[in-house]
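*Asks:* For reference, this is target36.csv, and it has CSV, C-alpha atoms.
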chain,number,residue,atom,x,y,z
Z,11,MET,CA,-9.7,-26.1,-27.9
Z,12,TRP,CA,-11.6,-24.3,-30.6
Z,13,ASP,CA,-12.7,-20.8,-29.7
Z,14,LYS,CA,-16.2,-19.5,-30.6
Z,15,GLU,CA,-15.1,-17.9,-33.9
Z,16,ARG,CA,-13.2,-20.9,-35.1
Z,17,ARG,CA,-16.3,-23.0,-34.5
Z,18,SER,CA,-18.4,-20.5,-36.3
Z,19,VAL,CA,-16.1,-20.6,-39.4
Z,20,ALA,CA,-16.1,-24.4,-39.2
Z,21,VAL,CA,-20.0,-24.4,-39.3
Z,22,VAL,CA,-20.0,-22.3,-42.4
Z,23,PHE,CA,-17.4,-24.6,-44.1
Z,24,ALA,CA,-19.5,-27.6,-43.2
Z,25,THR,CA,-22.7,-26.0,-44.5
Z,26,HIS,CA,-21.0,-25.1,-47.8
Z,27,GLY,CA,-19.8,-28.7,-48.1
Z,28,ALA,CA,-23.2,-30.1,-47.3
Z,29,ALA,CA,-24.8,-28.1,-50.1
Z,30,SER,CA,-22.3,-29.5,-52.5
Z,31,GLY,CA,-22.7,-33.1,-51.2
Z,32,THR,CA,-26.5,-32.9,-51.3
Z,33,PHE,CA,-26.4,-32.0,-55.0
Z,34,ALA,CA,-23.7,-34.5,-55.9
Z,35,SER,CA,-25.3,-37.5,-54.1
Z,36,ARG,CA,-28.5,-37.3,-56.3
Z,37,LEU,CA,-26.8,-36.8,-59.6
Z,38,PRO,CA,-27.8,-40.3,-60.7
Z,39,TRP,CA,-31.5,-39.3,-60.0
Z,40,LEU,CA,-31.1,-36.1,-62.0
Z,41,SER,CA,-29.3,-38.0,-64.9
Z,42,ASP,CA,-32.1,-40.6,-65.0
Z,43,HIS,CA,-34.9,-38.1,-64.5
Z,44,LEU,CA,-33.7,-36.0,-67.5
Z,45,HIS,CA,-32.5,-39.0,-69.6
Z,46,LEU,CA,-28.9,-37.5,-69.8
Z,47,SER,CA,-26.0,-39.4,-71.2
Z,48,ALA,CA,-22.6,-39.1,-69.5
Z,49,GLY,CA,-21.5,-36.5,-72.0
Z,50,LYS,CA,-24.7,-34.4,-71.5
Z,51,LEU,CA,-24.4,-34.6,-67.7
Z,52,GLY,CA,-20.8,-33.5,-68.1
Z,53,ILE,CA,-21.9,-30.5,-70.1
Z,54,ALA,CA,-24.2,-29.4,-67.3
Z,55,LEU,CA,-21.4,-29.9,-64.7
Z,56,LEU,CA,-18.9,-28.1,-66.9
Z,57,MET,CA,-21.1,-25.0,-66.6
Z,58,THR,CA,-20.3,-25.0,-62.9
Z,59,SER,CA,-16.7,-24.3,-63.8
Z,60,ILE,CA,-17.7,-21.5,-66.2
Z,61,GLY,CA,-19.9,-19.8,-63.5
Z,62,ALA,CA,-17.0,-20.1,-61.0
Z,63,ILE,CA,-14.2,-18.9,-63.1
Z,64,THR,CA,-16.2,-16.0,-64.3
Z,65,THR,CA,-17.0,-14.7,-60.8
Z,66,MET,CA,-14.2,-15.8,-58.5
Z,67,PRO,CA,-11.7,-13.2,-59.7
Z,68,PHE,CA,-14.1,-10.5,-58.5
Z,69,ALA,CA,-14.3,-12.1,-55.0
Z,70,GLY,CA,-11.8,-9.7,-53.5
Z,71,ARG,CA,-13.9,-6.7,-54.3
Z,72,ALA,CA,-17.1,-8.3,-53.1
Z,73,VAL,CA,-15.6,-9.2,-49.7
Z,74,ALA,CA,-14.0,-5.7,-49.4
Z,75,ARG,CA,-17.5,-4.1,-50.0
Z,76,PHE,CA,-19.8,-6.4,-48.0
Z,77,GLY,CA,-17.4,-8.3,-45.6
Z,78,THR,CA,-16.8,-12.0,-45.2
Z,79,ARG,CA,-19.9,-12.5,-43.0
Z,80,ALA,CA,-22.5,-11.0,-45.3
Z,81,THR,CA,-20.9,-12.4,-48.5
Z,82,ALA,CA,-20.7,-16.0,-47.2
Z,83,GLN,CA,-24.1,-16.1,-45.6
Z,84,ALA,CA,-26.0,-14.5,-48.5
Z,85,LEU,CA,-24.3,-16.5,-51.3
Z,86,ILE,CA,-24.5,-19.9,-49.5
Z,87,THR,CA,-28.2,-19.3,-48.8
Z,88,ALA,CA,-28.8,-18.4,-52.5
Z,89,ASN,CA,-26.8,-21.5,-53.5
Z,90,LEU,CA,-29.2,-23.7,-51.5
Z,91,ALA,CA,-32.2,-22.1,-53.3
Z,92,VAL,CA,-30.6,-22.9,-56.7
Z,93,VAL,CA,-30.0,-26.5,-55.6
Z,94,VAL,CA,-33.7,-26.9,-55.0
Z,95,ALA,CA,-34.5,-25.3,-58.3
Z,96,ALA,CA,-32.2,-27.7,-60.1
Z,97,SER,CA,-34.4,-30.6,-59.0
Z,98,TRP,CA,-37.4,-29.1,-60.9
Z,99,VAL,CA,-35.7,-28.3,-64.2
Z,100,PRO,CA,-37.3,-30.0,-67.3
Z,101,ASN,CA,-34.2,-30.3,-69.6
Z,102,LEU,CA,-30.5,-30.1,-70.1
Z,103,LEU,CA,-30.6,-26.3,-70.9
Z,104,THR,CA,-32.3,-25.3,-67.7
Z,105,LEU,CA,-30.1,-27.7,-65.7
Z,106,ALA,CA,-27.0,-26.0,-67.2
Z,107,LEU,CA,-28.3,-22.6,-66.3
Z,108,CYS,CA,-28.7,-23.8,-62.7
Z,109,THR,CA,-25.2,-25.3,-62.5
Z,110,THR,CA,-23.8,-22.1,-63.9
Z,111,VAL,CA,-25.3,-20.1,-61.1
Z,112,LEU,CA,-24.3,-22.8,-58.6
Z,113,GLY,CA,-20.7,-22.3,-59.7
Z,114,ALA,CA,-20.8,-18.6,-59.4
Z,115,LEU,CA,-22.4,-18.6,-55.9
Z,116,GLY,CA,-20.4,-21.5,-54.6
Z,117,GLY,CA,-17.1,-20.2,-55.8
Z,118,THR,CA,-17.5,-16.6,-54.5
Z,119,SER,CA,-18.8,-17.8,-51.1
Z,120,ASP,CA,-15.9,-20.2,-50.9
Z,121,MET,CA,-13.5,-17.3,-51.3
Z,122,ALA,CA,-15.2,-15.4,-48.5
Z,123,MET,CA,-15.2,-18.2,-46.0
Z,124,ASN,CA,-11.6,-19.2,-46.8
Z,125,ALA,CA,-10.5,-15.6,-46.3
Z,126,GLN,CA,-12.1,-15.5,-42.9
Z,127,GLY,CA,-10.4,-18.8,-42.1
Z,128,ILE,CA,-7.0,-17.4,-42.9
Z,129,LEU,CA,-7.6,-14.3,-40.8
Z,130,VAL,CA,-8.5,-16.6,-37.8
Z,131,GLU,CA,-5.4,-18.7,-38.6
Z,132,LYS,CA,-3.3,-15.6,-38.4
Z,133,ARG,CA,-4.8,-14.7,-35.1
Z,134,HIS,CA,-4.2,-18.3,-33.7
Z,135,GLY,CA,-0.6,-18.3,-35.0
Z,136,ARG,CA,-0.8,-21.9,-36.2
Z,137,SER,CA,-2.2,-24.0,-39.0
Z,138,ILE,CA,-6.0,-24.5,-38.8
Z,139,MET,CA,-7.0,-24.5,-42.5
Z,140,SER,CA,-6.8,-28.3,-43.0
Z,141,GLY,CA,-9.2,-28.7,-40.1
Z,142,LEU,CA,-11.6,-26.2,-41.5
Z,143,HIS,CA,-11.6,-27.9,-44.8
Z,144,GLY,CA,-12.1,-31.1,-42.9
Z,145,THR,CA,-15.4,-29.8,-41.7
Z,146,TRP,CA,-16.2,-29.0,-45.3
Z,147,SER,CA,-15.6,-32.6,-46.2
Z,148,SER,CA,-17.6,-33.7,-43.2
Z,149,GLY,CA,-20.5,-31.7,-44.5
Z,150,VAL,CA,-20.2,-33.4,-47.8
Z,151,LEU,CA,-20.1,-36.8,-46.0
Z,152,VAL,CA,-23.2,-36.1,-43.9
Z,153,ALA,CA,-25.1,-34.9,-47.0
Z,154,ALA,CA,-24.0,-37.8,-49.1
Z,155,MET,CA,-25.1,-40.3,-46.4
Z,156,ALA,CA,-28.4,-38.5,-46.2
Z,157,GLY,CA,-28.6,-38.7,-50.0
Z,158,SER,CA,-27.9,-42.5,-49.9
Z,159,LEU,CA,-30.7,-43.0,-47.3
Z,160,ALA,CA,-33.1,-40.8,-49.3
Z,161,ALA,CA,-32.3,-42.8,-52.5
Z,162,HIS,CA,-32.7,-46.1,-50.7
Z,163,ALA,CA,-36.1,-45.0,-49.3
Z,164,HIS,CA,-37.1,-43.8,-52.8
Z,165,VAL,CA,-37.5,-40.2,-51.6
Z,166,ASP,CA,-38.0,-37.9,-54.5
Z,167,ALA,CA,-34.9,-35.6,-54.9
Z,168,ARG,CA,-37.2,-32.5,-55.0
Z,169,VAL,CA,-38.4,-33.3,-51.5
Z,170,HIS,CA,-34.9,-34.2,-50.3
Z,171,PHE,CA,-33.4,-31.0,-51.7
Z,172,ALA,CA,-36.1,-28.8,-50.2
Z,173,VAL,CA,-35.7,-30.2,-46.7
Z,174,ALA,CA,-31.9,-30.1,-46.8
Z,175,ALA,CA,-31.9,-26.5,-48.0
Z,176,ALA,CA,-34.2,-25.3,-45.2
Z,177,VAL,CA,-32.0,-27.0,-42.6
Z,178,LEU,CA,-28.8,-25.7,-44.1
Z,179,ALA,CA,-30.0,-22.1,-44.5
Z,180,VAL,CA,-30.6,-21.9,-40.8
Z,181,THR,CA,-27.3,-23.5,-40.0
Z,182,VAL,CA,-25.2,-21.0,-42.2
Z,183,SER,CA,-27.0,-18.1,-40.6
Z,184,CYS,CA,-26.0,-19.2,-37.1
Z,185,GLY,CA,-22.4,-19.9,-38.2
Z,186,ALA,CA,-21.8,-16.6,-40.1
Z,187,TYR,CA,-23.1,-14.6,-37.1
Z,188,GLY,CA,-19.8,-15.5,-35.3
Z,189,PHE,CA,-17.5,-14.0,-37.9
Z,190,HIS,CA,-15.6,-11.1,-36.1
Z,191,THR,CA,-11.9,-11.0,-37.0
Z,192,THR,CA,-10.8,-8.5,-39.6
Z,193,ASN,CA,-7.5,-7.7,-41.3
Z,194,ALA,CA,-6.9,-4.9,-38.8
Z,195,ASP,CA,-7.4,-7.3,-35.9
Z,196,VAL,CA,-4.4,-9.4,-37.1
Z,197,GLY,CA,-2.1,-6.5,-38.0
Z,198,LEU,CA,-2.9,-6.2,-41.7
Z,199,VAL,CA,-3.9,-3.1,-43.5
Z,200,GLU,CA,-7.7,-2.7,-43.7
Z,201,GLU,CA,-8.4,-2.0,-47.4
Z,202,LYS,CA,-11.0,0.3,-48.6
Z,203,LYS,CA,-13.1,-0.9,-51.5
Z,204,GLY,CA,-11.3,1.3,-54.0
Z,205,ASP,CA,-7.9,-0.2,-52.9
Z,206,VAL,CA,-8.8,-3.7,-54.0
Z,207,PRO,CA,-8.3,-4.8,-57.6
Z,208,LEU,CA,-11.6,-5.4,-59.4
Z,209,PHE,CA,-10.2,-8.4,-61.2
Z,210,VAL,CA,-7.5,-10.8,-59.9
Z,211,ILE,CA,-5.1,-12.4,-62.4
Z,212,PRO,CA,-2.8,-15.0,-60.7
Z,213,ARG,CA,0.9,-14.8,-61.5
Z,214,GLY,CA,4.3,-15.5,-59.9
Z,215,VAL,CA,4.3,-17.8,-56.9
Z,216,ILE,CA,0.5,-17.7,-56.8
Z,217,LEU,CA,0.4,-19.1,-60.3
Z,218,LEU,CA,2.6,-22.0,-59.3
Z,219,ILE,CA,0.7,-22.7,-56.1
Z,220,GLY,CA,-2.5,-22.6,-58.2
Z,221,LEU,CA,-1.2,-25.3,-60.6
Z,222,VAL,CA,-0.6,-27.6,-57.7
Z,223,GLY,CA,-4.1,-26.8,-56.5
Z,224,PHE,CA,-5.4,-27.6,-60.0
Z,225,CYS,CA,-4.1,-31.1,-59.9
Z,226,GLY,CA,-5.6,-31.8,-56.5
Z,227,ILE,CA,-8.9,-30.1,-57.3
Z,228,TYR,CA,-9.3,-32.0,-60.6
Z,229,ALA,CA,-9.0,-35.3,-58.8
Z,230,GLU,CA,-11.2,-34.2,-55.9
Z,231,VAL,CA,-14.0,-32.9,-58.0
Z,232,ALA,CA,-13.9,-35.7,-60.5
Z,233,ALA,CA,-14.2,-38.2,-57.7
Z,234,GLN,CA,-16.9,-36.3,-55.8
Z,235,ASP,CA,-19.1,-35.7,-58.9
Z,236,TRP,CA,-18.5,-38.9,-60.8
Z,237,SER,CA,-17.9,-41.5,-58.1
Z,238,SER,CA,-21.7,-42.2,-57.8
Z,239,VAL,CA,-22.1,-42.3,-61.6
Z,240,TYR,CA,-19.0,-44.5,-62.0
Z,241,MET,CA,-20.4,-47.0,-59.5
Z,242,HIS,CA,-23.9,-46.9,-61.1
Z,243,ARG,CA,-22.9,-47.1,-64.8
Z,244,VAL,CA,-19.6,-48.9,-64.9
Z,245,LEU,CA,-19.9,-51.4,-62.0
Z,246,HIS,CA,-23.8,-51.6,-62.1
Z,247,GLY,CA,-24.4,-50.6,-58.5
Z,248,ASP,CA,-27.8,-49.4,-57.5
Z,249,GLU,CA,-28.5,-45.8,-56.5
Z,250,ALA,CA,-27.9,-46.4,-52.8
Z,251,GLU,CA,-24.5,-48.1,-53.5
Z,252,ALA,CA,-23.6,-45.2,-55.8
Z,253,ALA,CA,-24.4,-42.6,-53.1
Z,254,PHE,CA,-22.5,-44.7,-50.6
Z,255,THR,CA,-19.4,-44.5,-52.7
Z,256,THR,CA,-19.5,-40.7,-52.7
Z,257,GLY,CA,-20.0,-40.9,-49.0
Z,258,MET,CA,-16.9,-43.0,-48.4
Z,259,PHE,CA,-14.8,-40.7,-50.6
Z,260,ALA,CA,-16.0,-37.8,-48.5
Z,261,PHE,CA,-15.3,-39.8,-45.3
Z,262,THR,CA,-11.6,-40.2,-46.2
Z,263,MET,CA,-11.4,-36.6,-47.4
Z,264,ALA,CA,-12.8,-35.5,-44.0
Z,265,ALA,CA,-10.5,-37.7,-42.0
Z,266,GLY,CA,-7.4,-36.6,-43.9
Z,267,ARG,CA,-8.3,-32.9,-43.5
Z,268,LEU,CA,-9.3,-33.2,-39.8
Z,269,SER,CA,-6.0,-34.8,-39.0
Z,270,GLY,CA,-4.0,-32.8,-41.5
Z,271,ASP,CA,-2.9,-30.0,-39.2
Z,272,ALA,CA,-1.4,-32.5,-36.8
Z,273,VAL,CA,0.3,-34.5,-39.5
Z,274,VAL,CA,1.7,-31.3,-41.1
Z,275,GLY,CA,3.0,-30.3,-37.6
Z,276,ARG,CA,4.9,-33.6,-37.4
Z,277,LEU,CA,6.1,-34.2,-41.0
Z,278,GLY,CA,6.0,-30.8,-42.5
Z,279,ALA,CA,3.8,-29.6,-45.4
Z,280,ALA,CA,6.1,-30.8,-48.2
Z,281,MET,CA,6.4,-34.4,-46.9
Z,282,THR,CA,2.7,-34.6,-46.2
Z,283,VAL,CA,1.7,-33.5,-49.7
Z,284,ARG,CA,4.2,-35.9,-51.4
Z,285,ALA,CA,2.9,-38.9,-49.4
Z,286,CYS,CA,-0.7,-37.9,-50.1
Z,287,GLY,CA,-0.1,-37.5,-53.8
Z,288,ILE,CA,1.3,-41.0,-54.0
Z,289,LEU,CA,-1.7,-42.5,-52.2
Z,290,GLY,CA,-4.1,-40.6,-54.5
Z,291,ALA,CA,-2.4,-41.9,-57.6
Z,292,LEU,CA,-2.6,-45.5,-56.3
Z,293,GLY,CA,-6.3,-44.9,-55.6
Z,294,GLY,CA,-6.9,-43.7,-59.2
Z,295,VAL,CA,-5.2,-46.8,-60.6
Z,296,LEU,CA,-7.3,-49.0,-58.3
Z,297,VAL,CA,-10.5,-47.4,-59.6
Z,298,VAL,CA,-9.5,-47.8,-63.2
Z,299,ALA,CA,-8.6,-51.5,-62.7
Z,300,ALA,CA,-11.6,-52.4,-60.5
Z,301,GLN,CA,-14.0,-55.1,-61.8
Z,302,SER,CA,-16.3,-55.1,-58.7
Z,303,PRO,CA,-17.6,-52.4,-56.3
Z,304,VAL,CA,-15.4,-53.1,-53.3
Z,305,PRO,CA,-12.0,-52.3,-54.9
Z,306,ALA,CA,-13.5,-49.2,-56.6
Z,307,VAL,CA,-14.8,-47.9,-53.2
Z,308,ILE,CA,-11.3,-48.5,-51.7
Z,309,GLY,CA,-9.8,-46.6,-54.7
Z,310,PHE,CA,-12.1,-43.6,-54.2
Z,311,MET,CA,-11.2,-43.6,-50.5
Z,312,LEU,CA,-7.5,-43.5,-51.3
Z,313,ILE,CA,-8.1,-40.6,-53.7
Z,314,GLY,CA,-9.9,-38.9,-50.9
Z,315,ILE,CA,-6.9,-39.2,-48.6
Z,316,GLY,CA,-4.5,-38.3,-51.4
Z,317,VAL,CA,-6.1,-34.9,-52.2
Z,318,SER,CA,-7.3,-34.1,-48.7
Z,319,VAL,CA,-4.6,-31.6,-47.7
Z,320,VAL,CA,-3.8,-30.1,-51.1
Z,321,VAL,CA,-6.5,-27.4,-51.2
Z,322,PRO,CA,-6.1,-26.2,-47.5
Z,323,LEU,CA,-2.4,-25.9,-47.8
Z,324,ALA,CA,-2.5,-24.2,-51.2
Z,325,PHE,CA,-5.1,-21.7,-49.9
Z,326,ALA,CA,-3.1,-21.1,-46.8
Z,327,ALA,CA,0.2,-20.6,-48.7
Z,328,ALA,CA,-1.5,-18.1,-51.0
Z,329,GLY,CA,-3.4,-16.3,-48.2
Z,330,HIS,CA,-0.2,-15.8,-46.3
Z,331,ALA,CA,1.8,-14.5,-49.3
Z,332,GLY,CA,0.5,-11.0,-49.0
Z,333,PRO,CA,-1.5,-8.5,-46.9
Z,334,ASN,CA,-4.9,-9.4,-48.4
Z,335,PRO,CA,-5.9,-13.0,-47.9
Z,336,THR,CA,-8.9,-12.8,-50.2
Z,337,LEU,CA,-6.7,-11.8,-53.2
Z,338,GLY,CA,-4.3,-14.6,-52.6
Z,339,VAL,CA,-7.1,-17.2,-52.2
Z,340,ALA,CA,-8.9,-15.8,-55.2
Z,341,GLY,CA,-5.7,-16.0,-57.3
Z,342,VAL,CA,-5.1,-19.6,-56.6
Z,343,ALA,CA,-8.8,-20.5,-56.8
Z,344,THR,CA,-9.0,-18.9,-60.3
Z,345,ILE,CA,-6.7,-21.7,-61.4
Z,346,ALA,CA,-7.5,-24.5,-59.0
Z,347,TYR,CA,-11.3,-24.2,-58.8
Z,348,GLY,CA,-11.9,-22.4,-62.0
Z,349,ALA,CA,-9.9,-24.9,-64.1
Z,350,GLY,CA,-10.2,-27.8,-61.8
Z,351,MET,CA,-14.0,-27.6,-61.7
Z,352,ALA,CA,-13.9,-28.3,-65.4
Z,353,ALA,CA,-13.1,-31.9,-64.4
Z,354,PRO,CA,-16.7,-33.1,-64.4
Z,355,GLY,CA,-17.2,-31.9,-68.0
Z,356,MET,CA,-13.8,-33.2,-69.1
Z,357,ILE,CA,-14.6,-36.6,-67.5
Z,358,GLY,CA,-17.9,-36.7,-69.3
Z,359,GLY,CA,-16.4,-35.7,-72.7
Z,360,ILE,CA,-13.7,-38.4,-72.5
Z,361,ALA,CA,-16.2,-40.9,-71.3
Z,362,ASP,CA,-18.4,-40.3,-74.3
Z,363,LEU,CA,-15.4,-40.7,-76.6
Z,364,THR,CA,-13.9,-43.7,-74.8
Z,365,SER,CA,-15.2,-44.8,-71.4
Z,366,LEU,CA,-15.3,-43.7,-67.8
Z,367,ARG,CA,-12.4,-46.0,-67.0
Z,368,VAL,CA,-10.2,-44.2,-69.5
Z,369,ALA,CA,-11.4,-40.9,-68.2
Z,370,PHE,CA,-10.3,-41.7,-64.7
Z,371,CYS,CA,-6.7,-42.4,-65.9
Z,372,ALA,CA,-6.2,-38.7,-65.9
Z,373,VAL,CA,-7.3,-38.6,-62.2
Z,374,ALA,CA,-4.5,-41.1,-61.4
Z,375,VAL,CA,-1.9,-39.1,-63.3
Z,376,LEU,CA,-2.8,-35.7,-61.8
Z,377,ALA,CA,-3.1,-37.1,-58.3
Z,378,GLY,CA,0.5,-38.3,-58.7
Z,379,MET,CA,1.6,-34.9,-59.9
Z,380,VAL,CA,0.5,-33.4,-56.6
Z,381,ALA,CA,3.5,-35.1,-55.1
Z,382,LEU,CA,5.8,-33.0,-57.3
Z,383,GLY,CA,4.4,-29.8,-55.9
Z,384,GLY,CA,4.9,-30.7,-52.2
Z,385,GLY,CA,8.1,-28.7,-51.9
Z,386,LEU,CA,6.4,-25.5,-53.2
Z,387,LEU,CA,3.5,-25.8,-50.7
Z,388,GLY,CA,6.1,-26.6,-48.0
Z,389,ARG,CA,8.0,-23.3,-48.7
Z,390,ASN,CA,4.8,-21.2,-48.6
Z,391,ALA,CA,2.5,-22.8,-46.1
Z,392,PRO,CA,2.4,-21.6,-42.5
Z,393,ASP,CA,4.5,-23.5,-40.0
Z,394,ALA,CA,2.0,-25.6,-38.1
Z,395,VAL,CA,4.1,-25.5,-34.9
Z,396,HIS,CA,5.4,-22.0,-34.7
Z,397,GLY,CA,2.9,-20.1,-36.8
Z,398,VAL,CA,5.7,-18.8,-39.1
Z,399,THR,CA,4.5,-18.0,-42.6
Z,400,GLY,CA,6.2,-17.9,-45.9
Z,401,PRO,CA,7.2,-14.7,-47.8
Z,402,ARG,CA,4.6,-11.9,-47.4
Z,403,ALA,CA,5.2,-8.4,-48.6
Z,404,ALA,CA,8.0,-9.4,-51.0
Z,405,GLU,CA,5.5,-11.5,-52.9
Z,406,ALA,CA,2.4,-9.4,-52.5
Z,407,GLU,CA,3.0,-7.8,-55.9
Z,408,ALA,CA,2.8,-11.3,-57.4
Z,409,LEU,CA,-0.7,-11.8,-56.2
Z,410,ALA,CA,-2.7,-9.9,-58.7
Z,411,THR,CA,-2.9,-7.3,-61.4
Z,412,GLU,CA,-5.8,-5.0,-62.0
Z,413,GLY,CA,-8.1,-5.8,-64.9
As structure tokens, please, write out the structure in this file.

*Replies:*
Amino acid sequence: MWDKERRSVAVVFATHGAASGTFASRLPWLSDHLHLSAGKLGIALLMTSIGAITTMPFAGRAVARFGTRATAQALITANLAVVVAASWVPNLLTLALCTTVLGALGGTSDMAMNAQGILVEKRHGRSIMSGLHGTWSSGVLVAAMAGSLAAHAHVDARVHFAVAAAVLAVTVSCGAYGFHTTNADVGLVEEKKGDVPLFVIPRGVILLIGLVGFCGIYAEVAAQDWSSVYMHRVLHGDEAEAAFTTGMFAFTMAAGRLSGDAVVGRLGAAMTVRACGILGALGGVLVVAAQSPVPAVIGFMLIGIGVSVVVPLAFAAAGHAGPNPTLGVAGVATIAYGAGMAAPGMIGGIADLTSLRVAFCAVAVLAGMVALGGGLLGRNAPDAVHGVTGPRAAEAEALATEG
């Protein structure tokens, strides 16, 4: 049974996912409204990566100063306000400015809520991160379904975004209120602000874990942000079908993550990641080969299963590698999210030069490469049955250097 704090952390994860899903589900509307080609839309989405990679290395200092509760609540609320603003922009430049801020706010708040999740996981003594990320995917799923219904009813995205933001702002406030566990509560050293590096540069084992996370994040973000566009432009589905595709991808992501802790407990992290990587690669191949909507939807669903446990296990492995979970998570995220969130822009650029089908070949390849990193995550992830973690103090020095 989930205790009160675990439920609170899950609510914040779900809200963060819902904010992302709300924006992604109406990308076809934004694209058509601003008359953007795939390449121009990719540029706007690439700015999300730039905003994230610029700010996430500073997440450790932000959390040390303000705490996980205040950081997560304030930044997610601000993120929702920018989502609303994005629906009112008049051109590509202003949309790019909005997506840059979305990346900065979303990435830093992501670090705060993951750090809190790792602290609660330490207190529970068993794996819970996959389930927490499952609630994030559930948030994407609910938001994508709401987007599909709104598109089908021809609701203007500006109205849709405003209503969603108001509801989610209240939700995140209620969830963050339940954050209580600190480093000291789980036997870790409580750092003072001055003890935390200003800027985190991943290296050592954190660098390797981050590269595995990069492969998974690239496939995840490419599918989440481009699945609706792929269905709309390549397979000529309408807006409702396009949003439905994003929803089905999010559904399998959520299912994989919600069941991930139990699967890892039975098969181990390494075997789970290898099997999921193979499924993700098969899904990517199916998307590229599809000539009609149904096979493509199945392909996106397989990609969702394939990458579902990669990020939770990568974050958990990094967070358990040293005495400061935020530094470990931020180190991996600098690579995995900072570089992986470049996927939308890279997909758009390749699509302009060739086609979206060709662009998704990279998704298939990188999803397959996830399988090769299963052993690494298995050695560093927490044991789901006994709560045993990988190396800690011996690898703490590999977490970061001060910039």

*Asks:* Where does region 282-363 of chain Z meet region 239-244 of chain Z within 10 Å, residue by residue, with the nearest atom pair and distance in Å to one decimal for each, counting only C-alpha atoms, listed by chain and rising number, as JSON lines?

*Replies:*
{"residue": "Z:Val297", "atom": "CA", "partner": "Z:Tyr240", "partner_atom": "CA", "distance": 9.3}
{"residue": "Z:Ala300", "atom": "CA", "partner": "Z:Val244", "partner_atom": "CA", "distance": 9.8}
{"residue": "Z:Gln301", "atom": "CA", "partner": "Z:Val244", "partner_atom": "CA", "distance": 8.9}
{"residue": "Z:Ser302", "atom": "CA", "partner": "Z:Met241", "partner_atom": "CA", "distance": 9.1}
{"residue": "Z:Pro303", "atom": "CA", "partner": "Z:Met241", "partner_atom": "CA", "distance": 6.9}
{"residue": "Z:Ala306", "atom": "CA", "partner": "Z:Met241", "partner_atom": "CA", "distance": 7.8}
{"residue": "Z:Val307", "atom": "CA", "partner": "Z:Met241", "partner_atom": "CA", "distance": 8.5}

*Asks:* Do you have the CA of Ser97 (chain Z)-CA of Val152 (chain Z) distance handy?

*Replies:* 19.6 Å

*Asks:* Between Z:Cys371, Z:Ala252, Z:Val380, Z:Leu142, which residue has the minimum interatomic distance to Val222 (chain Z), considering all atoms listed in the file?

*Replies:*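 Looking at the shortest contact to Val222 (chain Z), the residue is Z:Val380.
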
*Asks:* Can you tell me which residues surround Ser119 (chain Z) at a distance of at most 12 Å, considering only C-alpha atoms, apart from same-chain residues fewer than 5 positions away, and format the answer as an MDAnalysis selection string?

*Replies:* chainID Z and resid 22:23 25:27 29 62 65:66 68:70 72:73 76:90 112:114 124:126 182 186 336 339:340 343

*Asks:* Gly316 (chain Z): which residues within 7 Å, counting all atoms listed in the file, same-chain residues fewer than 6 positions away excluded, as a tab-separated table (two decimals) with C-alpha atoms, in the frame of the given file?

*Replies:*
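around37.tsv, freshly written:
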chain	number	residue	atom	x	y	z
Z	286	CYS	CA	-0.70	-37.90	-50.10
Z	287	GLY	CA	-0.10	-37.50	-53.80
Z	288	ILE	CA	1.30	-41.00	-54.00
Z	289	LEU	CA	-1.70	-42.50	-52.20
Z	290	GLY	CA	-4.10	-40.60	-54.50

*Asks:* Compare Z:Ser318, Z:Gln234, Z:Ser30, Z:Ser147 by their minimum atom-to-atom distance to Phe261 (chain Z), counting all atoms listed in the file, and give me the closest one.

*Replies:*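 Once distances to Phe261 (chain Z) are computed over all atoms listed in the file, the minimum belongs to Z:Ser147.
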
*Asks:* Dig up all the protein and nucleic acid residues within 6 Å of (-4.0, -27.0, -54.9) in the file frame, using all atoms listed in the file, and format them as a count of residues only.

*Replies:* 9

*Asks:* Have a look at CA of Leu102 (chain Z) and CA of His164 (chain Z) and let me know their distance in Å, one decimal.

*Replies:*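 These atoms are spaced 23.0 Å apart.
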
*Asks:* Could you give me, as a compact mmCIF listing (two decimals) with C-alpha atoms, keeping the file's coordinate frame, the residues that sit within 12 Å of (-26.9, -23.8, -66.0) in the file's coordinates, counting all atoms listed in the file?

*Replies:*
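Saved to out_35.txt:
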# COMPACT_ATOMS: atom_id res chain seq x y z
CA LEU Z 51 -24.40 -34.60 -67.70
CA GLY Z 52 -20.80 -33.50 -68.10
CA ILE Z 53 -21.90 -30.50 -70.10
CA ALA Z 54 -24.20 -29.40 -67.30
CA LEU Z 55 -21.40 -29.90 -64.70
CA LEU Z 56 -18.90 -28.10 -66.90
CA MET Z 57 -21.10 -25.00 -66.60
CA THR Z 58 -20.30 -25.00 -62.90
CA SER Z 59 -16.70 -24.30 -63.80
CA ILE Z 60 -17.70 -21.50 -66.20
CA GLY Z 61 -19.90 -19.80 -63.50
CA ALA Z 62 -17.00 -20.10 -61.00
CA VAL Z 92 -30.60 -22.90 -56.70
CA VAL Z 93 -30.00 -26.50 -55.60
CA ALA Z 95 -34.50 -25.30 -58.30
CA ALA Z 96 -32.20 -27.70 -60.10
CA VAL Z 99 -35.70 -28.30 -64.20
CA ASN Z 101 -34.20 -30.30 -69.60
CA LEU Z 102 -30.50 -30.10 -70.10
CA LEU Z 103 -30.60 -26.30 -70.90
CA THR Z 104 -32.30 -25.30 -67.70
CA LEU Z 105 -30.10 -27.70 -65.70
CA ALA Z 106 -27.00 -26.00 -67.20
CA LEU Z 107 -28.30 -22.60 -66.30
CA CYS Z 108 -28.70 -23.80 -62.70
CA THR Z 109 -25.20 -25.30 -62.50
CA THR Z 110 -23.80 -22.10 -63.90
CA VAL Z 111 -25.30 -20.10 -61.10
CA LEU Z 112 -24.30 -22.80 -58.60
CA GLY Z 113 -20.70 -22.30 -59.70
CA ALA Z 114 -20.80 -18.60 -59.40
